[in-house]
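Student: What follows is a structure written as structure tokens; I'll ask about it next.
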Amino acid sequence: MIDPWFEIERIDDDTFVIAEPSHVRSHLIIGDERAVLFDTGLGVRPIRPVVAELTDRPVLAVASHHHFDHVGGNHEFDEVAIHHAGAELLAQGPPPGWLTAYWEGFLDYVERFSPDASTARPLPADFAPQHPDFRPSAATRLLDDGEVLPLGGRDLRVVHVPGHTQDSICLVDESHGFLFGGDAIDTGGIYAHLPTADPAQFVASLRRLDALLPSTVVAVLSPHSRTGRHGRDVIGREADAIAAALTGEVVFESGKDCFRQAACVASIGDFAIYLAPVSP
């Protein structure tokens with residue numbers, strides 16, 4: 001039985017979304033011999049038993065980047081991989097205050113919108129949002145741009161896309177026509193203001209990815225947007241939106257991110273670009 005904290009979506013016979021609704025999606029990618037779990041979620045509830053319900057293959061946990069909502073279940077796996085630029089940050093865990101601020105914001109959300117199956121799940125009884133538990137993890141494997149992860153009849157190619165963070169990666173699944181985008185490629189809130197972010201580099205990474213992506217890749221699977229699935233045109237549109245924000249072509253508003261930190265926010269189409277506040 002699947003833990004009710006999670007919601008499972010079958011993309012095809014060998015590809016699953018393991019979602020923590022209203023928070024984040026992880027992606028299980030299965031080959032003939034091995035599987036990759038691309039991100040392990042928040043760690044609110046164990047994710048490995050969920051994976052075991054879906055595949056009996058050995059599983060490599062691959063982090064799209066080091067942020068806590070993508071690596072919370074890493075400690076449950078024997079093999080953990082991340083781009084080498086994120087290894088130290090992964091081991092350190094989230095910055096002080098991030099977890100409590102995130103969960104305080106979530107509780108405010110629940111007060112305003114009663115959770116249901118299409119939005120947020122009620123928090124498990126044994127989870128204390130005022131004192132959230134998080135277990136930092138260590139990588140057993142460091143990844144490089146262009147590296148191929150063979151799963152048996154299915155290969156995943158690592159593409160380094162620094163910008164959201166210095167260690168952000170995507171996985172190209174040419175045989176199935178998917179790009180697993182991580183936080184680098186999504187709609188909604190695009191965070192280019194947090195530590196290790198570089199918005200100009202973000203644009204350059206997306207332009208490069210758009211140019212090198214095989215024409216057979218037609219679908220982008222992402223972790224945070226409402227649908228979690230986009231056409232490949234989202235890459236160029238996101239790059240254009242960040243570039244427009246950097247050139248000052250749009251109107252910014254003062255806002256706050258999910259950690260209740262100040263940010264400048266520009267709404268551009270189906271993107272909300274977050275940049276660091278301008279010093280007075």
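Following the order of the structure tokens, first chain is A, next is B, and so on, with residues numbered from 1 inside each chain and ligands from 1 in the order they appear.
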Per residue of range 107-185 of chain A within 9 Å of range 211-214 of chain A, note the shortest atom pair and the distance in Å to one decimal, counting only C-alpha atoms, and order the rows by chain and increasing residue number, as a Markdown table.
Tutor:
```
| residue | atom | partner | partner_atom | distance |
| --- | --- | --- | --- | --- |
| A:Val172 | CA | A:Leu213 | CA | 7.8 |
| A:Glu174 | CA | A:Pro214 | CA | 7.0 |
| A:Gly177 | CA | A:Pro214 | CA | 8.7 |
| A:Leu179 | CA | A:Leu213 | CA | 8.7 |
```
Student: With a distance cut-off of 10 Å and only C-alpha atoms, select the neighbouring residues of range 42-47 of chain A, excluding the residue or stretch itself and same-chain residues fewer than 5 positions from it, and output the selection as a ChimeraX atom specification.
Tutor: /A:2-6,18,20,23-26,37,52,67-77,123-124,126-129,132-135
Student: Find, counting only C-alpha atoms, the residue in A:Ala63, A:Ala243, A:Leu194, A:Ala91 that gets nearest to Ala262 in chain A.
Tutor: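 Among A:Ala63, A:Ala243, A:Leu194, A:Ala91, it is A:Leu194 that comes nearest to Ala262 in chain A.
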Student: Quote the spacing between CA of Tyr191 in chain A and CA of Asp257 in chain A in Å to one decimal place.
Tutor: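 Separation of CA of Tyr191 in chain A and CA of Asp257 in chain A: 8.3 Å.
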Student: Which neighbours of Leu246 in chain A fall inside 9 Å, counting only C-alpha atoms, when residues of the same chain fewer than 5 positions from it are skipped, and could you give them as a list in words?
Tutor: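 The neighbour list is Pro199, Ala200, Ala241 and Leu275 of chain A.
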Student: From the list A:Arg237, A:Arg208, A:His65, A:Arg57, which residue is nearest Gly93 in chain A when using only C-alpha atoms?
Tutor: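 Residue with the minimum atom-to-atom distance to Gly93 in chain A: A:His65.
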Student: Could you please write out, as a ChimeraX atom specification, every residue of range 29-266 of chain A that DSSP assigns to strand (DSSP E)?
Tutor: /A:29-30,35-38,59-62,80-83,141-143,148-150,155-160,169-173,178-180,188-191,219-221,229-231,253-256,262-266
Student: At a cut-off of 12 Å, using only C-alpha atoms, what residues contact Asp12 in chain A? Leave out same-chain residues fewer than 6 positions from it and give the result as a ChimeraX atom specification.
Tutor: /A:27-30,176-178
Student: Keeping C-alpha atoms for every residue in the selection just given, could you write it to a file as a PDB file, in the first residue's frame?
Tutor:
```pdb
ATOM      1  CA  HIS A  27      10.560  11.022 -10.889  1.00  0.00           C
ATOM      2  CA  LEU A  28      11.243   7.295 -10.996  1.00  0.00           C
ATOM      3  CA  ILE A  29      12.923   6.250 -14.252  1.00  0.00           C
ATOM      4  CA  ILE A  30      13.205   2.489 -14.766  1.00  0.00           C
ATOM      5  CA  HIS A 176      11.504   7.974 -24.274  1.00  0.00           C
ATOM      6  CA  GLY A 177      11.427  11.603 -25.451  1.00  0.00           C
ATOM      7  CA  PHE A 178      11.650  13.125 -21.964  1.00  0.00           C
TER       8      PHE A 178
END
```
Student: With a distance cut-off of 8 Å and only C-alpha atoms, select the neighbouring residues of Asp167 in chain A, excluding the residue or stretch itself and same-chain residues fewer than 6 positions from it, and output the selection as a PyMOL selection string.
Tutor: chain A and resi 64-66+82-86+160-161
Student: Just the selected residues (N, CA and C atoms), exported as an mmCIF file, in the first residue's frame, please.
Tutor:
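What ended up in again20.cif:
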```
data_model
loop_
_atom_site.group_PDB
_atom_site.id
_atom_site.type_symbol
_atom_site.label_atom_id
_atom_site.label_comp_id
_atom_site.auth_asym_id
_atom_site.auth_seq_id
_atom_site.Cartn_x
_atom_site.Cartn_y
_atom_site.Cartn_z
ATOM 1 N N SER A 64 18.650 16.541 -8.447
ATOM 2 C CA SER A 64 18.690 17.595 -9.456
ATOM 3 C C SER A 64 19.520 18.781 -8.970
ATOM 4 N N HIS A 65 19.582 18.956 -7.648
ATOM 5 C CA HIS A 65 20.424 19.963 -7.001
ATOM 6 C C HIS A 65 20.288 19.752 -5.495
ATOM 7 N N HIS A 66 20.983 20.547 -4.704
ATOM 8 C CA HIS A 66 21.127 20.249 -3.279
ATOM 9 C C HIS A 66 20.001 20.772 -2.394
ATOM 10 N N ILE A 82 25.115 13.358 -7.146
ATOM 11 C CA ILE A 82 24.847 14.780 -7.336
ATOM 12 C C ILE A 82 25.979 15.355 -8.174
ATOM 13 N N HIS A 83 25.720 16.444 -8.867
ATOM 14 C CA HIS A 83 26.803 17.115 -9.582
ATOM 15 C C HIS A 83 27.872 17.528 -8.583
ATOM 16 N N HIS A 84 29.125 17.454 -9.008
ATOM 17 C CA HIS A 84 30.220 17.683 -8.058
ATOM 18 C C HIS A 84 30.174 19.068 -7.424
ATOM 19 N N ALA A 85 29.541 20.046 -8.087
ATOM 20 C CA ALA A 85 29.465 21.393 -7.521
ATOM 21 C C ALA A 85 28.532 21.472 -6.320
ATOM 22 N N GLY A 86 27.739 20.422 -6.088
ATOM 23 C CA GLY A 86 26.801 20.466 -4.976
ATOM 24 C C GLY A 86 27.128 19.540 -3.829
ATOM 25 N N HIS A 160 24.533 19.726 -17.182
ATOM 26 C CA HIS A 160 24.726 20.704 -16.117
ATOM 27 C C HIS A 160 24.094 22.026 -16.549
ATOM 28 N N VAL A 161 23.177 22.541 -15.726
ATOM 29 C CA VAL A 161 22.459 23.779 -16.052
ATOM 30 C C VAL A 161 22.541 24.743 -14.872
#
```
Student: Taking into account only C-alpha atoms, which residue in the set A:Asp108, A:Glu238, A:Asp270, A:Glu33 is nearest to Leu151 in chain A?
Tutor: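 That would be A:Glu33, the residue with the smallest distance to Leu151 in chain A.
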Student: Enumerate as a PyMOL selection string all residues of range 67-195 of chain A assigned to helix (DSSP H, G or I) by DSSP on the backbone, naming them with the chain letters and numbers the document uses.
Tutor: chain A and resi 68-71+74-76+84-92+98-112+182-184
Student: What's the 8 Å shell around Val234 in chain A, counting only C-alpha atoms, without same-chain residues fewer than 2 positions away, as a CSV table (one decimal) with N, CA, C and O atoms, in the first residue's frame?
Tutor:
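Below you can see selection_37.csv, which holds the result:
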```csv
chain,number,residue,atom,x,y,z
A,185,ILE,N,14.1,24.0,-14.9
A,185,ILE,CA,13.1,24.2,-16.0
A,185,ILE,C,11.7,23.9,-15.4
A,185,ILE,O,11.3,22.8,-15.1
A,186,ASP,N,10.9,25.0,-15.4
A,186,ASP,CA,9.5,24.8,-14.8
A,186,ASP,C,8.8,26.1,-15.2
A,186,ASP,O,9.4,27.0,-15.8
A,187,THR,N,7.5,26.2,-14.8
A,187,THR,CA,6.8,27.4,-14.9
A,187,THR,C,6.5,27.8,-13.5
A,187,THR,O,6.9,27.2,-12.5
A,220,VAL,N,8.9,17.9,-21.3
A,220,VAL,CA,9.7,18.3,-20.1
A,220,VAL,C,8.9,18.0,-18.9
A,220,VAL,O,7.7,18.5,-18.7
A,230,HIS,N,5.4,19.9,-19.6
A,230,HIS,CA,5.4,21.0,-20.5
A,230,HIS,C,6.0,20.5,-21.9
A,230,HIS,O,6.7,19.5,-22.0
A,231,GLY,N,5.7,21.3,-22.9
A,231,GLY,CA,6.4,21.1,-24.2
A,231,GLY,C,7.8,21.6,-24.1
A,231,GLY,O,8.1,22.4,-23.2
A,232,ARG,N,8.7,21.2,-25.0
A,232,ARG,CA,10.1,21.6,-25.0
A,232,ARG,C,10.2,23.1,-25.2
A,232,ARG,O,11.3,23.7,-24.8
A,236,GLY,N,13.0,27.7,-24.0
A,236,GLY,CA,13.3,29.0,-24.6
A,236,GLY,C,12.5,30.1,-23.9
A,236,GLY,O,12.9,31.2,-23.7
A,237,ARG,N,11.2,29.8,-23.6
A,237,ARG,CA,10.4,30.8,-23.0
A,237,ARG,C,10.9,31.2,-21.6
A,237,ARG,O,10.8,32.4,-21.3
A,238,GLU,N,11.4,30.2,-20.9
A,238,GLU,CA,11.9,30.6,-19.6
A,238,GLU,C,13.1,31.4,-19.7
A,238,GLU,O,13.3,32.4,-18.9
```
